[in-house]
Amino acid sequence: MKIGFYLRDFSNGGVEMMTLRSAVELQQRGFDVVIIVNSNAGEMASLFIQYFEVISLNLPRDMRTLKGVGSLLKAPLKLKLVCMSEKIKFLVSSKEQVNLINVFANSFLYSGTKSICYRHVPLDDSAGKDYGLFTHIMYKTVLRKADLLVGVSCKIVEQLKKKVGGSVRCEFIPNPVITEDLLEKSNDTGFAKEFLAWDGIRLLVVGRLTYQKGIDVLLNSLSQVRDDVGLFIIGEGESKEELTELSIKLGLGDRVFFLGFDENPYKYMRQADIFVLPSRYEGMPTVLIEAVYLNGSCLAANCPTGPEEIVVMCGSGELFKVSDYDDLRDKIESQIERGKSIDFKPGGASPFTVKASVDQLLYCLNKV
């Protein structure tokens, strides 16, 4: 049985990493796996090419240009021909642009391939720019024709069912987050000098520096807690300058450290006193799953989807109200007072292992 994975490109993102992990696991189990992309550009291209046959449709990465719109109209036919020539039984896609092309090619143009479409973020206004009128219309009209719609959280599945109606198959499949080498990576000792030099409580945030991630909320809360609490931020993004200015304005210039991108944030997750996810919205946040797995002291905003399910399923972590400075401040102070649990052992059982995720994917495919 041949299974295809369809991506826009090889950008260095969470969806691309989840795709790579699932595809590698399937290949190791003996399945024939092929990767299809609109464009073979992107930072992760070499990783995919190392393991798989990669077929590019040679489409522009940006479909919003006039040339891109023309290519978008041709894409379903191109994809259909690839699916037929490769005899792909299931084609798995994520993100709306490729989901739409997947459904048009395989459900409307009848290629014989089953279309499997993932949704990684909420399907309501809490998702900000990741949800709007266009997305609403597409799920009501086109994406409801997919052979299987997948939500990476149970609440996203509920939203999908409400949006597309009861006749459409919708299933929960957890993201393949926990890998066999995660614990090994967390044992690394190559820390930034600022992290090693800090003699007080170390809070940690890992993620893109954008409005969605709510780091401004954490900065406002941090300004209300004791001075020996420092914040270490791993990641880059469009809001870095704005967040830097806010930290200075709040008098936190010597307590907030922007460490930039680090390909191994897991060592920080394990050693931090408290990991914080202050996001305004999430789907099923990978970094929280990793942090809960490696560190028992985690705080997360109770977004409409994601964090609550992780805390319940993993039996670790604590929630605070979204964008509530005071509640987050109180939770930080409470965590500091309790200290890290001496009973917590990194690497416990998790429903978010690659094996568990792929087991569920295959179970769902067998029912399509």
# chains A, B, ... in the order shown; residues from 1 in each chain; ligands from 1
$ residues_around --residues "stretch 347-356 of chain A" --least-positions-apart "3" --cutoff "6 Å" --atoms "only C-alpha atoms" --output "PyMOL selection string"
chain A and resi 174+176-178+293+359
$ residues_around --residues "A:Phe52" --least-positions-apart "3" --cutoff "8 Å" --atoms "only C-alpha atoms" --output "tab-separated table (two decimals) with all heavy atoms, in the first residue's frame"
chain	number	residue	atom	x	y	z
A	33	VAL	N	6.15	4.94	0.87
A	33	VAL	CA	5.81	6.34	1.17
A	33	VAL	C	6.41	7.26	0.11
A	33	VAL	O	7.58	7.10	-0.28
A	33	VAL	CB	6.32	6.75	2.57
A	33	VAL	CG1	6.03	8.23	2.84
A	33	VAL	CG2	5.69	5.88	3.65
A	34	VAL	N	5.61	8.21	-0.36
A	34	VAL	CA	6.09	9.21	-1.30
A	34	VAL	C	5.70	10.59	-0.79
A	34	VAL	O	4.65	10.76	-0.17
A	34	VAL	CB	5.52	8.97	-2.72
A	34	VAL	CG1	3.99	9.07	-2.72
A	34	VAL	CG2	6.11	9.94	-3.73
A	35	ILE	N	6.55	11.58	-1.03
A	35	ILE	CA	6.29	12.96	-0.62
A	35	ILE	C	6.02	13.80	-1.87
A	35	ILE	O	6.81	13.77	-2.82
A	35	ILE	CB	7.49	13.57	0.15
A	35	ILE	CG1	7.89	12.67	1.32
A	35	ILE	CG2	7.15	14.98	0.63
A	35	ILE	CD1	6.85	12.51	2.39
A	48	PHE	N	13.89	15.53	3.99
A	48	PHE	CA	12.91	14.71	3.27
A	48	PHE	C	13.57	13.91	2.14
A	48	PHE	O	13.31	12.72	1.96
A	48	PHE	CB	11.79	15.58	2.72
A	48	PHE	CG	10.75	15.95	3.74
A	48	PHE	CD1	10.87	17.10	4.50
A	48	PHE	CD2	9.64	15.14	3.95
A	48	PHE	CE1	9.92	17.45	5.45
A	48	PHE	CE2	8.67	15.48	4.89
A	48	PHE	CZ	8.81	16.64	5.63
A	49	ILE	N	14.43	14.58	1.38
A	49	ILE	CA	15.08	13.93	0.25
A	49	ILE	C	15.97	12.78	0.72
A	49	ILE	O	16.15	11.78	0.03
A	49	ILE	CB	15.89	14.97	-0.55
A	49	ILE	CG1	14.94	15.98	-1.22
A	49	ILE	CG2	16.78	14.30	-1.59
A	49	ILE	CD1	15.62	17.18	-1.82
$ closest_residue --among "A:Val152, A:Tyr211, A:Trp198, A:Asp124" --to "A:Phe257" --atoms "only C-alpha atoms"
A:Trp198
$ closest_atom_pairs --of "stretch 14-94 of chain A" --to "stretch 271-285 of chain A" --cutoff "12 Å" --atoms "only C-alpha atoms" --output "Markdown table"
| residue | atom | partner | partner_atom | distance |
| --- | --- | --- | --- | --- |
| A:Gly14 | CA | A:Pro285 | CA | 9.3 |
| A:Val15 | CA | A:Pro285 | CA | 11.1 |
| A:Met18 | CA | A:Pro285 | CA | 11.8 |
$ write_last_selection --atoms "N, CA and C atoms" --output "PDB file, in the first residue's frame"
ATOM      1  N   GLY A  14       6.176  23.266  12.259  1.00  0.00           N
ATOM      2  CA  GLY A  14       5.661  22.143  13.028  1.00  0.00           C
ATOM      3  C   GLY A  14       4.957  21.110  12.179  1.00  0.00           C
ATOM      4  N   VAL A  15       4.136  21.562  11.223  1.00  0.00           N
ATOM      5  CA  VAL A  15       3.407  20.632  10.356  1.00  0.00           C
ATOM      6  C   VAL A  15       4.385  19.784   9.542  1.00  0.00           C
ATOM      7  N   MET A  18       5.990  17.188  11.859  1.00  0.00           N
ATOM      8  CA  MET A  18       5.055  16.105  12.176  1.00  0.00           C
ATOM      9  C   MET A  18       4.902  15.154  10.975  1.00  0.00           C
TER      10      MET A  18
END
$ atom_distance --atom1 "atom CA of A:Leu143" --atom2 "atom CA of A:Leu100"
6.5 Å
$ select_by_dssp --residues "stretch 88-199 of chain A" --states "helix (DSSP H, G or I)" --output "PyMOL selection string"
chain A and resi 96-108+125-130+133-141+143-145+154-164+182-186+193-197
$ residues_around --residues "stretch 329-334 of chain A" --least-positions-apart "2" --cutoff "12 Å" --atoms "only C-alpha atoms" --output "ChimeraX atom specification"
/A:201-204,217-231,273-278,297-301,317-321,323-327,336-340
$ residues_around --residues "A:Lys87" --least-positions-apart "6" --cutoff "10 Å" --atoms "only C-alpha atoms" --output "list in words"
Met1, Lys2, Ile3, Gly4, Leu81, Ser111, Gly112 and Thr113 of chain A
$ residues_around --residues "A:Glu171" --least-positions-apart "6" --cutoff "8 Å" --atoms "only C-alpha atoms" --output "mmCIF file with C-alpha atoms, in the first residue's frame"
data_model
loop_
_atom_site.group_PDB
_atom_site.id
_atom_site.type_symbol
_atom_site.label_atom_id
_atom_site.label_comp_id
_atom_site.auth_asym_id
_atom_site.auth_seq_id
_atom_site.Cartn_x
_atom_site.Cartn_y
_atom_site.Cartn_z
ATOM 1 C CA LEU A 148 -11.332 11.826 6.169
ATOM 2 C CA LEU A 149 -10.943 15.046 8.161
ATOM 3 C CA VAL A 150 -8.477 14.843 11.042
ATOM 4 C CA GLY A 151 -8.261 17.100 14.085
ATOM 5 C CA VAL A 157 -12.712 17.354 15.894
ATOM 6 C CA CYS A 364 -8.412 5.456 10.803
#
$ closest_residue --among "A:Lys140, A:Arg29, A:Lys267, A:Arg255" --to "A:Val168" --atoms "only C-alpha atoms"
A:Lys140
$ select_by_dssp --residues "stretch 100-267 of chain A" --states "strand (DSSP E)" --output "PyMOL selection string"
chain A and resi 114-119+148-151+170-172+201-206+229-234+256-260
$ residues_around --residues "stretch 6-13 of chain A" --least-positions-apart "4" --cutoff "9 Å" --atoms "only C-alpha atoms" --output "PDB file with C-alpha atoms, in the first residue's frame"
ATOM      1  CA  MET A  17       8.173  18.085  11.212  1.00  0.00           C
ATOM      2  CA  MET A  18       5.055  16.105  12.176  1.00  0.00           C
ATOM      3  CA  THR A  19       4.776  14.945   8.552  1.00  0.00           C
ATOM      4  CA  VAL A  34       6.094   9.215  -1.304  1.00  0.00           C
ATOM      5  CA  ILE A  35       6.291  12.963  -0.617  1.00  0.00           C
ATOM      6  CA  ILE A  36       4.565  15.426  -2.963  1.00  0.00           C
ATOM      7  CA  VAL A  37       5.211  19.184  -2.717  1.00  0.00           C
ATOM      8  CA  ASN A  38       4.075  22.237  -4.623  1.00  0.00           C
ATOM      9  CA  SER A  39       7.641  23.548  -4.387  1.00  0.00           C
ATOM     10  CA  ASN A  40      10.741  21.693  -3.228  1.00  0.00           C
ATOM     11  CA  ALA A  41      12.172  24.858  -1.654  1.00  0.00           C
ATOM     12  CA  GLY A  42      12.581  25.208   2.101  1.00  0.00           C
ATOM     13  CA  GLU A  43      14.975  24.556   4.971  1.00  0.00           C
ATOM     14  CA  MET A  44      13.862  20.950   5.527  1.00  0.00           C
ATOM     15  CA  ALA A  45      14.239  19.795   1.915  1.00  0.00           C
ATOM     16  CA  SER A  46      17.425  17.799   2.556  1.00  0.00           C
ATOM     17  CA  PHE A  48      12.911  14.705   3.274  1.00  0.00           C
ATOM     18  CA  SER A  56       7.479  18.423  -6.968  1.00  0.00           C
ATOM     19  CA  LEU A  59       4.238  25.463  -8.374  1.00  0.00           C
ATOM     20  CA  ARG A  61       5.436  28.906  -3.011  1.00  0.00           C
ATOM     21  CA  LEU A  91      -2.886  11.187   0.312  1.00  0.00           C
ATOM     22  CA  VAL A  92      -2.378  12.996   3.629  1.00  0.00           C
ATOM     23  CA  SER A  93      -2.226  16.800   3.668  1.00  0.00           C
ATOM     24  CA  SER A  94      -2.198  19.646   6.177  1.00  0.00           C
ATOM     25  CA  LYS A  95      -2.863  23.397   5.871  1.00  0.00           C
ATOM     26  CA  GLN A  97      -4.132  25.446   0.527  1.00  0.00           C
ATOM     27  CA  VAL A  98      -2.909  21.886  -0.006  1.00  0.00           C
ATOM     28  CA  ASN A  99      -6.019  20.437   1.639  1.00  0.00           C
ATOM     29  CA  ASN A 102      -5.994  17.407  -2.328  1.00  0.00           C
TER      30      ASN A 102
END
$ closest_residue --among "A:Arg208, A:Lys185, A:Lys249, A:Lys367" --to "A:Pro265" --atoms "only C-alpha atoms"
A:Lys185
$ atom_distance --atom1 "atom CA of A:Arg270" --atom2 "atom CA of A:Ala197"
16.8 Å
$ residues_around --residues "A:Tyr110" --least-positions-apart "2" --cutoff "12 Å" --atoms "only C-alpha atoms" --output "list in words"
Pro76, Leu77, Leu79, Lys80, Leu81, Cys83, Met84, Asn102, Val103, Phe104, Ala105, Asn106, Ser107, Phe108, Gly112, Thr113, Lys114, Ser115, Lys145, Ala146 and Asp147 of chain A
$ decode --residues "stretch 244-261 of chain A" --atoms "N, CA, C and O atoms" --output "short mmCIF file (atom, residue, chain, number, x, y, z; two decimals), in the first residue's frame"
data_model
loop_
_atom_site.label_atom_id
_atom_site.label_comp_id
_atom_site.auth_asym_id
_atom_site.auth_seq_id
_atom_site.Cartn_x
_atom_site.Cartn_y
_atom_site.Cartn_z
N THR A 244 10.94 43.29 23.05
CA THR A 244 12.13 43.84 23.70
C THR A 244 11.82 45.20 24.31
O THR A 244 12.19 45.49 25.46
N GLU A 245 11.14 46.04 23.54
CA GLU A 245 10.76 47.37 24.04
C GLU A 245 9.82 47.26 25.23
O GLU A 245 9.94 48.02 26.20
N LEU A 246 8.89 46.33 25.18
CA LEU A 246 7.95 46.15 26.29
C LEU A 246 8.69 45.70 27.55
O LEU A 246 8.38 46.19 28.66
N SER A 247 9.64 44.80 27.41
CA SER A 247 10.39 44.34 28.59
C SER A 247 11.15 45.48 29.25
O SER A 247 11.21 45.57 30.49
N ILE A 248 11.71 46.38 28.43
CA ILE A 248 12.42 47.54 28.97
C ILE A 248 11.45 48.50 29.64
O ILE A 248 11.70 49.01 30.74
N LYS A 249 10.31 48.73 28.99
CA LYS A 249 9.28 49.62 29.54
C LYS A 249 8.79 49.13 30.89
O LYS A 249 8.50 49.94 31.80
N LEU A 250 8.70 47.83 31.06
CA LEU A 250 8.21 47.24 32.31
C LEU A 250 9.31 47.09 33.36
O LEU A 250 9.07 46.55 34.45
N GLY A 251 10.51 47.55 33.03
CA GLY A 251 11.62 47.46 33.98
C GLY A 251 12.21 46.07 34.09
O GLY A 251 12.79 45.71 35.12
N LEU A 252 12.11 45.28 33.01
CA LEU A 252 12.56 43.88 33.04
C LEU A 252 13.82 43.67 32.19
O LEU A 252 14.17 42.53 31.90
N GLY A 253 14.47 44.77 31.82
CA GLY A 253 15.60 44.67 30.91
C GLY A 253 16.68 43.70 31.35
O GLY A 253 17.33 43.05 30.52
N ASP A 254 16.89 43.58 32.67
CA ASP A 254 17.95 42.69 33.17
C ASP A 254 17.41 41.34 33.64
O ASP A 254 18.14 40.54 34.22
N ARG A 255 16.11 41.08 33.36
CA ARG A 255 15.50 39.81 33.79
C ARG A 255 14.92 39.01 32.63
O ARG A 255 14.44 37.89 32.84
N VAL A 256 14.98 39.55 31.44
CA VAL A 256 14.43 38.88 30.26
C VAL A 256 15.56 38.68 29.24
O VAL A 256 16.27 39.62 28.89
N PHE A 257 15.69 37.45 28.76
CA PHE A 257 16.80 37.10 27.88
C PHE A 257 16.25 36.46 26.60
O PHE A 257 15.63 35.39 26.65
N PHE A 258 16.48 37.12 25.47
CA PHE A 258 16.07 36.60 24.17
C PHE A 258 17.24 35.78 23.62
O PHE A 258 18.24 36.33 23.18
N LEU A 259 17.10 34.48 23.65
CA LEU A 259 18.20 33.59 23.28
C LEU A 259 18.19 33.22 21.80
O LEU A 259 19.11 32.56 21.32
N GLY A 260 17.15 33.62 21.08
CA GLY A 260 17.08 33.30 19.65
C GLY A 260 16.71 31.85 19.40
O GLY A 260 16.28 31.13 20.31
N PHE A 261 16.89 31.43 18.16
CA PHE A 261 16.55 30.05 17.79
C PHE A 261 17.60 29.09 18.32
O PHE A 261 18.79 29.36 18.29
#
